[in-house]
>>> print(open('model37.pdb').read())   # PDB, C-alpha atoms and all ligand atoms
ATOM      1  CA  MET A1265     138.466  -6.675  62.646
ATOM      2  CA  ALA A1266     140.403  -6.198  59.471
ATOM      3  CA  VAL A1267     139.419  -6.407  55.831
ATOM      4  CA  CYS A1268     140.392  -9.811  54.424
ATOM      5  CA  ASP A1269     143.578  -9.492  52.374
ATOM      6  CA  ILE A1270     142.689 -12.441  50.143
ATOM      7  CA  CYS A1271     139.265 -11.326  48.829
ATOM      8  CA  PHE A1272     139.603  -7.605  49.786
ATOM      9  CA  GLY A1273     136.328  -7.684  51.688
ATOM     10  CA  VAL A1274     134.242  -9.193  48.894
ATOM     11  CA  GLY A1275     133.890 -12.581  50.602
ATOM     12  CA  ASN A1276     134.489 -14.668  47.475
ATOM     13  CA  ILE A1277     137.293 -15.096  44.977
ATOM     14  CA  PRO A1278     137.164 -15.818  41.197
ATOM     15  CA  LYS A1279     137.862 -19.436  40.378
ATOM     16  CA  GLY A1280     139.416 -18.684  36.966
ATOM     17  CA  GLU A1281     136.584 -20.536  35.209
ATOM     18  CA  TYR A1282     133.493 -19.239  33.427
ATOM     19  CA  GLU A1283     129.933 -20.470  33.535
ATOM     20  CA  ASN A1284     128.525 -22.287  30.512
ATOM     21  CA  CYS A1285     126.915 -20.165  27.806
ATOM     22  CA  TYR A1286     123.256 -19.609  28.658
ATOM     23  CA  SER A1287     122.289 -19.691  24.989
ATOM     24  CA  CYS A1288     123.866 -22.971  23.888
ATOM     25  CA  GLY A1289     124.332 -24.615  27.266
ATOM     26  CA  GLY A1290     128.071 -25.024  26.749
ATOM     27  CA  ARG A1291     127.939 -26.926  23.475
ATOM     28  CA  GLY A1292     129.258 -23.979  21.401
ATOM     29  CA  TYR A1293     126.833 -24.371  18.520
ATOM     30  CA  GLY A1294     123.278 -23.234  17.931
ATOM     31  CA  SER A1295     120.337 -25.078  16.460
ATOM     32  CA  SER A1296     122.475 -26.629  13.729
ATOM     33  CA  THR A1297     125.831 -28.255  14.438
ATOM     34  CA  ASP A1298     127.711 -26.451  11.626
ATOM     35  CA  GLN A1299     126.820 -23.009  12.991
ATOM     36  CA  ALA A1300     128.750 -21.470  15.912
ATOM     37  CA  CYS A1301     126.620 -20.146  18.788
ATOM     38  CA  SER A1302     125.902 -16.442  18.235
ATOM     39  CA  SER A1303     126.101 -15.631  21.965
ATOM     40  CA  CYS A1304     129.480 -17.175  22.818
ATOM     41  CA  GLY A1305     131.024 -17.394  19.362
ATOM     42  CA  GLY A1306     131.534 -21.141  19.727
ATOM     43  CA  SER A1307     133.463 -21.200  23.003
ATOM     44  CA  GLY A1308     130.502 -22.518  24.973
ATOM     45  CA  LYS A1309     131.371 -20.243  27.881
ATOM     46  CA  SER A1310     129.603 -17.118  29.164
ATOM     47  CA  THR A1311     131.372 -13.996  30.494
ATOM     48  CA  THR A1312     130.211 -14.728  34.061
ATOM     49  CA  GLU A1313     133.163 -15.929  36.090
ATOM     50  CA  ILE A1314     132.557 -18.677  38.628
ATOM     51  CA  LYS A1315     133.366 -17.532  42.148
ATOM     52  CA  GLU A1316     133.958 -19.583  45.263
ATOM     53  CA  GLN A1317     133.812 -18.685  48.939
ATOM     54  CA  CYS A1318     137.027 -17.103  50.259
ATOM     55  CA  TRP A1319     139.072 -19.754  52.046
ATOM     56  CA  LYS A1320     140.485 -17.285  54.565
ATOM     57  CA  CYS A1321     137.447 -15.376  55.844
ATOM     58  CA  TYR A1322     134.831 -17.980  54.860
ATOM     59  CA  GLY A1323     132.795 -15.360  53.008
ATOM     60  CA  ALA A1324     132.676 -12.809  55.824
ATOM     61  CA  GLY A1325     135.042 -10.335  54.091
ATOM     62  CA  THR A1326     136.653  -9.424  57.412
ATOM     63  CA  ILE A1327     139.059 -11.251  59.696
ATOM     64  CA  ASP A1328     139.030 -11.133  63.506
ATOM     65  CA  GLU A1329     142.773 -10.920  64.198
ATOM     66  CA  ASN A1330     142.397 -11.581  67.939
ATOM     67  CA  ALA A1331     140.443 -14.774  67.317
ATOM     68  CA  SER A1332     143.017 -16.304  64.983
ATOM     69  CA  VAL A1333     146.305 -15.066  66.449
ATOM     70  CA  ASN A1334     145.488 -14.847  70.153
ATOM     71  CA  HIS A1335     142.946 -17.619  70.457
ATOM     72  CA  THR A1336     143.949 -19.274  73.711
ATOM     73  CA  SER A1337     144.737 -16.103  75.676
ATOM     74  CA  SER A1338     141.493 -14.373  74.663
ATOM     75  CA  LYS A1339     139.597 -17.448  75.804
ATOM     76  CA  LYS A1340     141.404 -17.305  79.127
ATOM     77  CA  ASN A1341     140.593 -13.604  79.470
ATOM     78  CA  SER A1342     136.909 -14.081  78.832
ATOM     79  CA  SER A1343     136.652 -16.894  81.361
ATOM     80  CA  THR A1344     138.437 -14.963  84.104
ATOM     81  CA  SER A1345     136.516 -11.764  83.482
ATOM     82  CA  SER A1346     133.192 -13.594  83.615
ATOM     83  CA  ASN A1347     134.201 -15.047  86.963
ATOM     84  CA  SER A1348     134.936 -11.601  88.399
ATOM     85  CA  SER A1349     132.455  -8.754  88.697
ATOM     86  CA  GLY A1350     132.144  -8.475  84.926
ATOM     87  CA  SER A1351     133.199  -4.864  84.824
ATOM     88  CA  THR A1352     136.496  -5.686  83.150
ATOM     89  CA  SER A1353     134.939  -7.362  80.139
ATOM     90  CA  SER A1354     133.132  -4.266  78.889
ATOM     91  CA  SER A1355     135.680  -1.609  79.734
ATOM     92  CA  SER A1356     138.324  -2.406  77.140
ATOM     93  CA  SER A1357     138.671  -4.320  73.912
ATOM     94  CA  ASN A1358     142.459  -4.314  74.059
ATOM     95  CA  SER A1359     143.683  -7.651  75.381
ATOM     96  CA  THR A1360     146.844  -6.280  77.017
ATOM     97  CA  ALA A1361     144.900  -3.583  78.865
ATOM     98  CA  LYS A1362     142.510  -6.307  80.019
ATOM     99  CA  GLU A1363     145.357  -8.354  81.483
ATOM    100  CA  LYS A1364     146.621  -5.304  83.359
ATOM    101  CA  GLN A1365     143.182  -4.704  84.830
ATOM    102  CA  ASN A1366     142.787  -8.311  85.892
ATOM    103  CA  ALA A1367     146.184  -8.356  87.603
ATOM    104  CA  PRO A1368     147.052  -5.020  89.238
ATOM    105  CA  SER A1369     149.147  -6.941  91.793
ATOM    106  CA  GLU A1370     152.404  -6.356  89.952
ATOM    107  CA  ALA A1371     152.016  -2.571  90.100
ATOM    108  CA  ILE A1372     150.775  -2.650  93.696
ATOM    109  CA  TRP A1373     153.706  -4.786  94.875
ATOM    110  CA  SER A1374     156.188  -2.484  93.131
ATOM    111  CA  ILE A1375     154.635   0.573  94.791
ATOM    112  CA  SER A1376     154.784  -1.103  98.225
ATOM    113  CA  PHE A1377     158.346  -2.245  97.505
ATOM    114  CA  VAL A1378     159.344   1.368  96.876
ATOM    115  CA  LEU A1379     157.578   2.374 100.118
ATOM    116  CA  GLY A1380     159.448  -0.336 102.061
ATOM    117  CA  LEU A1381     162.732   0.649 100.460
ATOM    118  CA  PHE A1382     162.053   4.290 101.257
ATOM    119  CA  LEU A1383     161.243   3.577 104.926
ATOM    120  CA  GLY A1384     164.228   1.232 105.266
ATOM    121  CA  PHE A1385     166.446   3.959 103.878
ATOM    122  CA  ILE A1386     165.045   6.523 106.361
ATOM    123  CA  ILE A1387     165.548   4.139 109.342
ATOM    124  CA  TYR A1388     169.081   3.350 108.228
ATOM    125  CA  SER A1389     169.964   7.040 107.896
ATOM    126  CA  GLU A1390     168.395   7.810 111.311
ATOM    127  CA  LYS A1391     169.637   4.859 113.392
ATOM    128  CA  SER A1392     172.434   3.394 111.256
ATOM    129  CA  ASP A1393     171.011  -0.088 112.045
ATOM    130  CA  PHE A1394     171.131  -2.070 108.811
ATOM    131  CA  GLY A1395     169.283  -5.138 110.200
ATOM    132  CA  GLN A1396     166.410  -3.116 111.602
ATOM    133  CA  ALA A1397     166.179  -1.092 108.401
ATOM    134  CA  ILE A1398     165.842  -4.266 106.296
ATOM    135  CA  ILE A1399     163.286  -5.886 108.625
ATOM    136  CA  SER A1400     161.221  -2.681 108.824
ATOM    137  CA  GLY A1401     161.433  -2.281 105.060
ATOM    138  CA  ILE A1402     160.183  -5.833 104.459
ATOM    139  CA  ILE A1403     157.347  -5.412 107.002
ATOM    140  CA  VAL A1404     156.248  -2.150 105.318
ATOM    141  CA  TRP A1405     156.534  -3.810 101.920
ATOM    142  CA  VAL A1406     154.214  -6.682 102.894
ATOM    143  CA  ILE A1407     151.721  -4.636 104.961
ATOM    144  CA  SER A1408     151.418  -1.803 102.442
ATOM    145  CA  GLY A1409     151.128  -4.356  99.640
ATOM    146  CA  VAL A1410     148.175  -6.056 101.347
ATOM    147  CA  ALA A1411     146.667  -2.697 102.329
ATOM    148  CA  LEU A1412     146.939  -1.375  98.776
ATOM    149  CA  HIS A1413     145.230  -4.523  97.482
ATOM    150  CA  ILE A1414     142.345  -3.974  99.909
ATOM    151  CA  LEU A1415     142.255  -0.289  98.958
ATOM    152  CA  TYR A1416     142.212  -1.204  95.273
ATOM    153  CA  TYR A1417     139.176  -3.467  95.633
ATOM    154  CA  VAL A1418     137.389  -0.992  97.923
ATOM    155  CA  LEU A1419     137.978   1.804  95.401
ATOM    156  CA  LYS A1420     136.833  -0.489  92.606
ATOM    157  CA  VAL A1421     133.552  -1.200  94.427
ATOM    158  CA  ILE A1422     133.106   2.516  95.232
ATOM    159  CA  PHE A1423     133.773   3.370  91.595
ATOM    160  CA  GLU A1424     131.114   0.880  90.459
ATOM    161  CA  ILE A1425     128.604   2.337  92.945
ATOM    162  CA  VAL A1426     129.425   5.908  91.856
ATOM    163  CA  LYS A1427     128.938   4.867  88.253
ATOM    164  CA  VAL A1428     125.470   3.443  88.997
ATOM    165  CA  VAL A1429     124.499   6.452  91.133
ATOM    166  CA  PHE A1430     125.656   8.798  88.382
ATOM    167  CA  VAL A1431     123.536   7.003  85.776
ATOM    168  CA  ILE A1432     120.489   7.046  88.077
ATOM    169  CA  ALA A1433     121.031  10.749  88.833
ATOM    170  CA  MET A1434     121.417  11.528  85.160
ATOM    171  CA  TRP A1435     118.175   9.776  84.214
ATOM    172  CA  THR A1436     116.364  11.369  87.157
ATOM    173  CA  ALA A1437     117.555  14.795  86.007
ATOM    174  CA  ILE A1438     116.399  14.050  82.465
ATOM    175  CA  ALA A1439     113.043  12.796  83.759
ATOM    176  CA  ILE A1440     112.562  15.943  85.903
ATOM    177  CA  PHE A1441     113.613  18.153  82.992
ATOM    178  CA  ILE A1442     111.204  16.485  80.571
ATOM    179  CA  GLY A1443     108.453  16.372  83.223
ATOM    180  CA  ASN A1444     108.953  20.086  83.854
ATOM    181  CA  ILE A1445     108.583  20.855  80.163
ATOM    182  CA  LEU A1446     105.498  18.664  79.867
ATOM    183  CA  GLY A1447     104.031  20.352  82.958
ATOM    184  CA  ILE A1448     103.803  17.299  85.208
ATOM    185  CA  GLU A1449     103.089  18.597  88.722
ATOM    186  CA  LEU A1450     105.310  16.103  90.604
ATOM    187  CA  ALA A1451     108.340  16.886  88.454
ATOM    188  CA  GLN A1452     107.723  20.624  88.876
ATOM    189  CA  ASN A1453     107.587  20.199  92.666
ATOM    190  CA  ILE A1454     110.869  18.238  92.670
ATOM    191  CA  ALA A1455     112.507  20.811  90.419
ATOM    192  CA  SER A1456     111.443  23.716  92.662
ATOM    193  CA  ASN A1457     112.661  21.816  95.750
ATOM    194  CA  ILE A1458     116.055  21.304  94.137
ATOM    195  CA  MET A1459     116.142  25.012  93.287
ATOM    196  CA  ASP A1460     115.477  25.814  96.978
ATOM    197  CA  ILE A1461     118.336  23.559  98.114
ATOM    198  CA  ILE A1462     120.836  24.999  95.643
ATOM    199  CA  PRO A1463     121.826  28.511  96.824
TER     200      PRO A1463
HETATM  201 ZN    ZN B1501     138.251 -13.283  52.338
HETATM  202 ZN    ZN B1502     126.964 -20.341  23.329
END
>>> encode(input="model37.pdb", output="structure tokens")
Amino acid sequence: MAVCDICFGVGNIPKGEYENCYSCGGRGYGSSTDQACSSCGGSGKSTTEIKEQCWKCYGAGTIDENASVNHTSSKKNSSTSSNSSGSTSSSSSNSTAKEKQNAPSEAIWSISFVLGLFLGFIIYSEKSDFGQAIISGIIVWVISGVALHILYYVLKVIFEIVKVVFVIAMWTAIAIFIGNILGIELAQNIASNIMDIIP
């Protein structure tokens, strides 16, 4: 979100026109036609400038840059992240970081390519068999690539579980702590048990 550069965050812009004089209703003269209105001096206009809604931010005062510039890609991101576990949507507001998280394949395949290259190089230096080195390298590339993908998703699931367990443990600790202060017997028992376990 950025402050609108047209209205500077106000939400409306002056139209360059002024409202009619409240005293004479825009006529410019008072009760008698030969006398100029004392409020507006005969102009018929008040000092209140007419304002209209900002055409750029529609009165909001701020502009969502992602929505206007990156409309189609942000839509695509939100649809793909809602299809997956949903963890990616909350973790980052940056759209490029989001794309990286949704597609780690590129990094994984480069890592496995380096592994395959490395192994191929070792085999070639050991056996001097170029064909075997290339075949072994490609096999390692593919297998380690698939294995790293599996590992990635396993670690992702473990990470999600750890996150949930951590939150539960944190709230349990808070509950025991508060219960201990308030003198609740159950919480005091749990707290003393934990103290026994911890050396
Ligand atoms: Zn504006
Ligand atoms: Zn007037």
>>> closest_residue(input="model37.pdb", among="A:Ile1442, A:Ile1462, A:Cys1288, A:Ala1266", to="ligand ZN 1502 (chain B)", atoms="only C-alpha atoms and all ligand atoms")
A:Cys1288
>>> residues_near_ligand(input="model37.pdb", ligand="ligand ZN 1501 (chain B)", cutoff="10 Å", atoms="only C-alpha atoms and all ligand atoms", output="MDAnalysis selection string")
chainID A and resid 1267:1277 1317:1327
>>> closest_atom_pairs(input="model37.pdb", of="chain A", to="ligand ZN 1502 (chain B)", cutoff="10 Å", atoms="all atoms listed in the file", output="CSV")
residue,atom,partner,partner_atom,distance
A:Asn1284,CA,B:ZN1502,ZN,7.6
A:Cys1285,CA,B:ZN1502,ZN,4.5
A:Tyr1286,CA,B:ZN1502,ZN,6.5
A:Ser1287,CA,B:ZN1502,ZN,5.0
A:Cys1288,CA,B:ZN1502,ZN,4.1
A:Gly1289,CA,B:ZN1502,ZN,6.4
A:Gly1290,CA,B:ZN1502,ZN,5.9
A:Arg1291,CA,B:ZN1502,ZN,6.7
A:Gly1292,CA,B:ZN1502,ZN,4.7
A:Tyr1293,CA,B:ZN1502,ZN,6.3
A:Gly1294,CA,B:ZN1502,ZN,7.1
A:Ala1300,CA,B:ZN1502,ZN,7.7
A:Cys1301,CA,B:ZN1502,ZN,4.6
A:Ser1302,CA,B:ZN1502,ZN,6.5
A:Ser1303,CA,B:ZN1502,ZN,5.0
A:Cys1304,CA,B:ZN1502,ZN,4.1
A:Gly1305,CA,B:ZN1502,ZN,6.4
A:Gly1306,CA,B:ZN1502,ZN,5.9
A:Ser1307,CA,B:ZN1502,ZN,6.6
A:Gly1308,CA,B:ZN1502,ZN,4.5
A:Lys1309,CA,B:ZN1502,ZN,6.3
A:Ser1310,CA,B:ZN1502,ZN,7.2
>>> resolve_selection(input="model37.pdb", expression="the PyMOL selection byres (((chain A and resi 1396-1405) around 10) and not hetatm)", output="JSON, numbers by chain")
{"A": [1373, 1374, 1375, 1376, 1377, 1378, 1379, 1380, 1381, 1382, 1383, 1384, 1385, 1386, 1387, 1388, 1389, 1390, 1391, 1392, 1393, 1394, 1395, 1406, 1407, 1408, 1409, 1410, 1411]}
>>> resolve_selection(input="model37.pdb", expression="the PyMOL selection byres (((chain A and resi 1452-1459) around 12) and not hetatm)", output="list in words")
Thr1436, Ala1437, Ile1438, Ala1439, Ile1440, Phe1441, Ile1442, Gly1443, Asn1444, Ile1445, Leu1446, Gly1447, Ile1448, Glu1449, Leu1450, Ala1451, Asp1460, Ile1461, Ile1462 and Pro1463 of chain A
>>> closest_residue(input="model37.pdb", among="A:Pro1278, A:Trp1435, A:Asp1298, A:Asn1330", to="Glu1313 of chain A", atoms="only C-alpha atoms")
A:Pro1278
>>> atom_distance(input="model37.pdb", atom1="atom CA of Val1426 of chain A", atom2="atom CA of Ser1369 of chain A")
23.5 Å
>>> resolve_selection(input="model37.pdb", expression="the PyMOL selection byres (((chain A and resi 1281) around 6) and not hetatm)", output="mmCIF file with C-alpha atoms, in the coordinates of the input")
data_model
loop_
_atom_site.group_PDB
_atom_site.id
_atom_site.type_symbol
_atom_site.label_atom_id
_atom_site.label_comp_id
_atom_site.auth_asym_id
_atom_site.auth_seq_id
_atom_site.Cartn_x
_atom_site.Cartn_y
_atom_site.Cartn_z
ATOM 1 C CA LYS A 1279 137.862 -19.436 40.378
ATOM 2 C CA GLY A 1280 139.416 -18.684 36.966
ATOM 3 C CA TYR A 1282 133.493 -19.239 33.427
ATOM 4 C CA GLU A 1313 133.163 -15.929 36.090
ATOM 5 C CA ILE A 1314 132.557 -18.677 38.628
#
>>> atom_distance(input="model37.pdb", atom1="atom CA of Val1421 of chain A", atom2="atom CA of Ile1372 of chain A")
17.3 Å
>>> atom_distance(input="model37.pdb", atom1="atom CA of Asp1328 of chain A", atom2="atom CA of Glu1316 of chain A")
20.7 Å
>>> axis_aligned_box(input="model37.pdb", around="segment 1417-1433 of chain A", padding_each_side="3 Å", output="JSON")
{"center_x": 129.8, "center_y": 3.6, "center_z": 91.8, "size_x": 24.7, "size_y": 20.2, "size_z": 18.1}
>>> build_atoms(input="model37.pdb", residues="segment 1278-1289 of chain A", atoms="all heavy atoms", output="mmCIF file, in the frame of the given file")
data_model
loop_
_atom_site.group_PDB
_atom_site.id
_atom_site.type_symbol
_atom_site.label_atom_id
_atom_site.label_comp_id
_atom_site.auth_asym_id
_atom_site.auth_seq_id
_atom_site.Cartn_x
_atom_site.Cartn_y
_atom_site.Cartn_z
ATOM 1 N N PRO A 1278 137.409 -15.188 42.501
ATOM 2 C CA PRO A 1278 137.164 -15.818 41.197
ATOM 3 C C PRO A 1278 137.954 -17.127 41.054
ATOM 4 O O PRO A 1278 139.098 -17.234 41.456
ATOM 5 C CB PRO A 1278 137.637 -14.766 40.197
ATOM 6 C CG PRO A 1278 138.497 -13.829 40.967
ATOM 7 C CD PRO A 1278 138.046 -13.881 42.382
ATOM 8 N N LYS A 1279 137.272 -18.099 40.468
ATOM 9 C CA LYS A 1279 137.862 -19.436 40.378
ATOM 10 C C LYS A 1279 138.742 -19.581 39.137
ATOM 11 O O LYS A 1279 139.472 -20.557 38.994
ATOM 12 C CB LYS A 1279 136.710 -20.454 40.296
ATOM 13 C CG LYS A 1279 137.011 -21.782 40.963
ATOM 14 C CD LYS A 1279 135.793 -22.682 40.853
ATOM 15 C CE LYS A 1279 136.118 -24.090 41.323
ATOM 16 N NZ LYS A 1279 134.968 -25.001 41.117
ATOM 17 N N GLY A 1280 138.665 -18.586 38.211
ATOM 18 C CA GLY A 1280 139.416 -18.684 36.966
ATOM 19 C C GLY A 1280 138.660 -19.465 35.893
ATOM 20 O O GLY A 1280 139.199 -19.757 34.829
ATOM 21 N N GLU A 1281 137.406 -19.821 36.191
ATOM 22 C CA GLU A 1281 136.584 -20.536 35.209
ATOM 23 C C GLU A 1281 135.305 -19.738 34.968
ATOM 24 O O GLU A 1281 134.880 -18.957 35.814
ATOM 25 C CB GLU A 1281 136.217 -21.933 35.748
ATOM 26 C CG GLU A 1281 137.406 -22.889 35.820
ATOM 27 C CD GLU A 1281 137.047 -24.183 36.555
ATOM 28 O OE1 GLU A 1281 135.851 -24.536 36.573
ATOM 29 O OE2 GLU A 1281 137.969 -24.793 37.106
ATOM 30 N N TYR A 1282 134.699 -19.981 33.779
ATOM 31 C CA TYR A 1282 133.493 -19.239 33.427
ATOM 32 C C TYR A 1282 132.316 -20.201 33.316
ATOM 33 O O TYR A 1282 132.478 -21.382 32.963
ATOM 34 C CB TYR A 1282 133.706 -18.474 32.116
ATOM 35 C CG TYR A 1282 134.718 -17.363 32.276
ATOM 36 C CD1 TYR A 1282 136.089 -17.600 32.149
ATOM 37 C CD2 TYR A 1282 134.282 -16.073 32.603
ATOM 38 C CE1 TYR A 1282 137.006 -16.584 32.331
ATOM 39 C CE2 TYR A 1282 135.211 -15.048 32.784
ATOM 40 C CZ TYR A 1282 136.566 -15.313 32.638
ATOM 41 O OH TYR A 1282 137.473 -14.315 32.833
ATOM 42 N N GLU A 1283 131.143 -19.654 33.609
ATOM 43 C CA GLU A 1283 129.933 -20.470 33.535
ATOM 44 C C GLU A 1283 129.635 -20.795 32.071
ATOM 45 O O GLU A 1283 130.053 -20.088 31.168
ATOM 46 C CB GLU A 1283 128.746 -19.705 34.159
ATOM 47 C CG GLU A 1283 128.815 -19.696 35.680
ATOM 48 C CD GLU A 1283 127.663 -18.918 36.315
ATOM 49 O OE1 GLU A 1283 126.683 -18.608 35.617
ATOM 50 O OE2 GLU A 1283 127.775 -18.617 37.506
ATOM 51 N N ASN A 1284 128.903 -21.883 31.865
ATOM 52 C CA ASN A 1284 128.525 -22.287 30.512
ATOM 53 C C ASN A 1284 127.634 -21.234 29.865
ATOM 54 O O ASN A 1284 126.888 -20.532 30.549
ATOM 55 C CB ASN A 1284 127.768 -23.620 30.546
ATOM 56 C CG ASN A 1284 128.726 -24.801 30.696
ATOM 57 O OD1 ASN A 1284 129.930 -24.691 30.412
ATOM 58 N ND2 ASN A 1284 128.206 -25.914 31.159
ATOM 59 N N CYS A 1285 127.741 -21.106 28.578
ATOM 60 C CA CYS A 1285 126.915 -20.165 27.806
ATOM 61 C C CYS A 1285 125.444 -20.480 28.035
ATOM 62 O O CYS A 1285 125.025 -21.631 27.975
ATOM 63 C CB CYS A 1285 127.255 -20.280 26.318
ATOM 64 S SG CYS A 1285 126.148 -19.338 25.256
ATOM 65 N N TYR A 1286 124.681 -19.405 28.357
ATOM 66 C CA TYR A 1286 123.256 -19.609 28.658
ATOM 67 C C TYR A 1286 122.471 -19.947 27.390
ATOM 68 O O TYR A 1286 121.440 -20.567 27.450
ATOM 69 C CB TYR A 1286 122.676 -18.347 29.306
ATOM 70 C CG TYR A 1286 123.482 -17.888 30.504
ATOM 71 C CD1 TYR A 1286 124.197 -16.697 30.478
ATOM 72 C CD2 TYR A 1286 123.524 -18.682 31.647
ATOM 73 C CE1 TYR A 1286 124.937 -16.292 31.567
ATOM 74 C CE2 TYR A 1286 124.269 -18.279 32.746
ATOM 75 C CZ TYR A 1286 124.974 -17.093 32.698
ATOM 76 O OH TYR A 1286 125.709 -16.699 33.766
ATOM 77 N N SER A 1287 123.006 -19.522 26.256
ATOM 78 C CA SER A 1287 122.289 -19.691 24.989
ATOM 79 C C SER A 1287 122.419 -21.125 24.450
ATOM 80 O O SER A 1287 121.427 -21.754 24.096
ATOM 81 C CB SER A 1287 122.844 -18.683 23.977
ATOM 82 O OG SER A 1287 121.975 -18.583 22.882
ATOM 83 N N CYS A 1288 123.645 -21.645 24.467
ATOM 84 C CA CYS A 1288 123.866 -22.971 23.888
ATOM 85 C C CYS A 1288 124.087 -24.051 24.938
ATOM 86 O O CYS A 1288 124.241 -25.224 24.596
ATOM 87 C CB CYS A 1288 125.046 -22.943 22.909
ATOM 88 S SG CYS A 1288 126.610 -22.552 23.734
ATOM 89 N N GLY A 1289 124.142 -23.644 26.182
ATOM 90 C CA GLY A 1289 124.332 -24.615 27.266
ATOM 91 C C GLY A 1289 125.715 -25.220 27.296
ATOM 92 O O GLY A 1289 125.918 -26.298 27.870
#
